[in-house]
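J.: Quick one: this structure, given as structure tokens, is what I'll be asking you about.
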Amino acid sequence: MANTTITIYPQYNNNKITSINCGTSSPKLGGTIDISSYPNLTTFICIGNDITSLSGYNTNSNLKNLQFGRNKISGQIPSLTKLNSLEQFECHENQLTGSIPSLSGLNNLEVFYCQENQLTGSIPSLSGLSNLRYFSCQENQLTGSIPSLSANKLLNNFQCQNQLGTTKLTGSIPSLSGLIDLLVFFCNNNQLTGSIPSLSKLSNLRRFYCHANQLTGSIPSLSGLNELIDFYCYTNQLTGFDGGSVPNILGNFQAQNNQLTSTAVDAILSAFDATTRTTGTRILSLQTVNSAPSYTGGVTTVSAGNLFTTLGTTVTAACNNHNHPNGSLVTITGLQSVFTGTFAISSINANQFRYTVTTNSPTLVTGTGTATMRRTTNANDGFRSYQNLALVTRLGGFPWNININFP
Amino acid sequence: MILNSIKNGYIGNKEISKIYLGNNLIFPALSLSFWQFTKINSTITGFSVATVPSGTINIDWGDETVSNINSGQKINKTYTI
């Protein structure tokens with residue numbers, strides 16, 4: 001172990017040091033940093049080293065940009081109330097404890113990243129932060145509710161998901177009305193209750209994750225969300241669907257492990273049928289309330305609609321049966337007498353099995369193919385699903401219906 | 001070196017805020033960090049400092065080497081001792 005001290009000074013007396021970027025180190029350098037000697041600093045960046053302490057910044061009213069993520073800094077985040085020029089604060093992926101300090105009065109704040117620490121307490125009020133664009137506090141040990149976001153009209157990205165922690169956020173998802181710049185909203189793996197708020201007019205929304213909560217009510221209308229590519233609401237207690245169309249661009253819609261009625265599922269499938277998606281892969285995962293959560297036999301109808309509306313579309317077959325149908329056949333049947341085939345399972349292990357697609361309808365399918373069905377595992381989700389990663393390729397241009405049954 | 005240890009120096013009743021030796025600011029000492037590394041040839045990549053107005057900056061790496069860089073210029077450092 002060797003130690004050294006870095007000292008910085010301008011060669012000309014009247015120059016003021018305004019920015020320091022420590023760069024990255026290899027192997028990572030540890031040690032401590034004190035920036036109190038640089039009162040004119042507006043930017044300090046030290047990302048991805050092994051610094052154990054950063055001090056001397058909490059009284060610098062000139063500081064605009066402070067980034068020290070991915071280090072080994074422990075202790076509490078000091079009061080930030082004197083940093084009234086602060087625009088960007090990033091302390092993610094350290095070992096910080098204590099609560100998130102008050103952000104009141106930080107009227108210029110645009111970015112606040114504190115994810116992946118050991119922070120406790122609640123998310124502070126974000127009211128008054130009219131310039132806030134990015135707020136991320138996921139994977140901490142936070143409790144309490146998500147604060148009102150109604151004042152954060154410029155918000156692009158809000159993330160408070162908590163897949164790893166044992167403590168969870170409670171309360172309801174706040175209104176997202178008026179957040180027209182919102183691109184990403186992640187609140188999954190908490191203990192949120194109430195309903196999913198209206199997403200109407202969020203025309204820039206690209207990803208919405210609220211899965212693994214305790215949400216009730218209906219899946220909101222996705223009409224007009226023309227940028228939406230991912231919508232995850234699985235593992236809640238949702239029962240209905242508010243109707244309307246689904247975006248053509250929507251590639252992942254996962255709503256399994258809810259209490260959706262067959263009427264709701266039919267409406268969702270109908271909405272997907274009506275899309276005109278022409279390229280890419282689509283994963284659609286659904287269950288009706290009639291799908292026994294401890295499925296051991298019989299037939300689980302995964303889908304009953306025209307899922308293969310476009311070339312290359314795939315479908316996720318959700319199934320709560322942890323012991324997949326060993327060695328049995330998975331039958332695929334075309335309801336319009338245009339397709340009949342079987343999936344013969346060829347190999348099985350704990351997490352995946354392979355099957356071969358055969359068909360007597362070569363005009364629709366490329367012929368014999370191979371696909372992998374993988375059991376996704378996420379202990380925090382409390383469910384398992386078999387995800388069909390590559391099903392069949394459709395060559396025909398007209399609609400057809402398909403059922404996938406697990407006998 | 002003695003001056004670097006001053007915390008509250010006075011000339012009469014005026015508190016000393018800065019002391020220069022030639023063009024070099026020697027008080028207060030502008031130490032930034034206390035680095036610890038475990039291997040010779042540890043490297044820092046992309047270190048940079050900016051000033052207003054822009055000018056040149058001396059970086060004393062603490063290993064008896066000093067780099068002189070321009071404001072905003074990125075520099076790499078390898079500790080060889």
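Residue numbering restarts at 1 for every chain of the structure tokens, chains are lettered A, B, ... in their displayed order, and ligands are numbered from 1 as they appear.
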Pick out the chain B residues within 6 Å of chain A. Count only C-alpha atoms. Give them as a ChimeraX atom specification.
T.: /B:30-38,42-53,56-62
J.: Could you pull the residues within 7 Å of stretch 142-157 of chain A, counting only C-alpha atoms, minus those fewer than 4 positions along the same chain, as a PDB file with C-alpha atoms, in the first residue's frame?
T.:
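Written out: selection-v1.pdb:
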```
ATOM      1  CA  LEU A 119     -30.437   4.856   2.234  1.00  0.00           C
ATOM      2  CA  THR A 120     -33.409   4.682   4.564  1.00  0.00           C
ATOM      3  CA  GLY A 121     -36.346   6.914   5.337  1.00  0.00           C
ATOM      4  CA  SER A 122     -38.673   8.332   2.759  1.00  0.00           C
ATOM      5  CA  ILE A 123     -38.306  10.084  -0.569  1.00  0.00           C
ATOM      6  CA  SER A 125     -40.682  16.255  -1.245  1.00  0.00           C
ATOM      7  CA  LEU A 126     -39.949  17.108  -4.850  1.00  0.00           C
ATOM      8  CA  SER A 127     -42.298  20.043  -4.945  1.00  0.00           C
ATOM      9  CA  GLY A 128     -40.639  23.222  -6.087  1.00  0.00           C
ATOM     10  CA  LEU A 129     -38.119  21.345  -8.201  1.00  0.00           C
ATOM     11  CA  SER A 130     -39.551  22.695 -11.397  1.00  0.00           C
ATOM     12  CA  ASN A 131     -36.432  21.845 -13.410  1.00  0.00           C
ATOM     13  CA  LEU A 132     -36.149  18.248 -12.243  1.00  0.00           C
ATOM     14  CA  ARG A 133     -35.683  15.872 -15.167  1.00  0.00           C
ATOM     15  CA  TYR A 134     -34.134  12.752 -13.700  1.00  0.00           C
ATOM     16  CA  PHE A 135     -34.767  11.275 -10.257  1.00  0.00           C
ATOM     17  CA  THR A 167     -38.158  -2.608   2.774  1.00  0.00           C
ATOM     18  CA  LYS A 168     -40.591  -1.258   0.254  1.00  0.00           C
ATOM     19  CA  LEU A 169     -42.467   1.838  -0.732  1.00  0.00           C
ATOM     20  CA  THR A 170     -46.142   1.915   0.078  1.00  0.00           C
ATOM     21  CA  GLY A 171     -49.072   4.122  -0.835  1.00  0.00           C
ATOM     22  CA  ILE A 173     -48.666   5.801  -7.597  1.00  0.00           C
ATOM     23  CA  PRO A 174     -49.084   9.584  -7.770  1.00  0.00           C
ATOM     24  CA  LEU A 176     -48.696  11.521 -13.723  1.00  0.00           C
ATOM     25  CA  GLY A 178     -49.302  16.736 -17.153  1.00  0.00           C
ATOM     26  CA  LEU A 179     -45.873  15.103 -17.207  1.00  0.00           C
ATOM     27  CA  ASP A 181     -42.009  14.821 -21.176  1.00  0.00           C
ATOM     28  CA  LEU A 182     -42.038  11.608 -19.161  1.00  0.00           C
ATOM     29  CA  LEU A 183     -40.075   8.863 -20.908  1.00  0.00           C
ATOM     30  CA  VAL A 184     -39.471   6.307 -18.170  1.00  0.00           C
ATOM     31  CA  PHE A 185     -41.405   5.501 -14.998  1.00  0.00           C
TER      32      PHE A 185
END
```
J.: Take atom CA of B:Ile40 and atom CA of B:Val66 and report the distance between them in Å, one decimal.
T.: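 Interatomic distance here is 17.8 Å.
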J.: To one decimal in Å, tell me the separation between atom CA of A:Asn204 and atom CA of A:Ile229.
T.: 10.5 Å
J.: Can you pull out every residue from stretch 84-160 of chain A that DSSP, working from the backbone, puts in strand (DSSP E), and format the result as a PyMOL selection string?
T.: chain A and resi 88-90+95-97+111-113+134-136+157-159
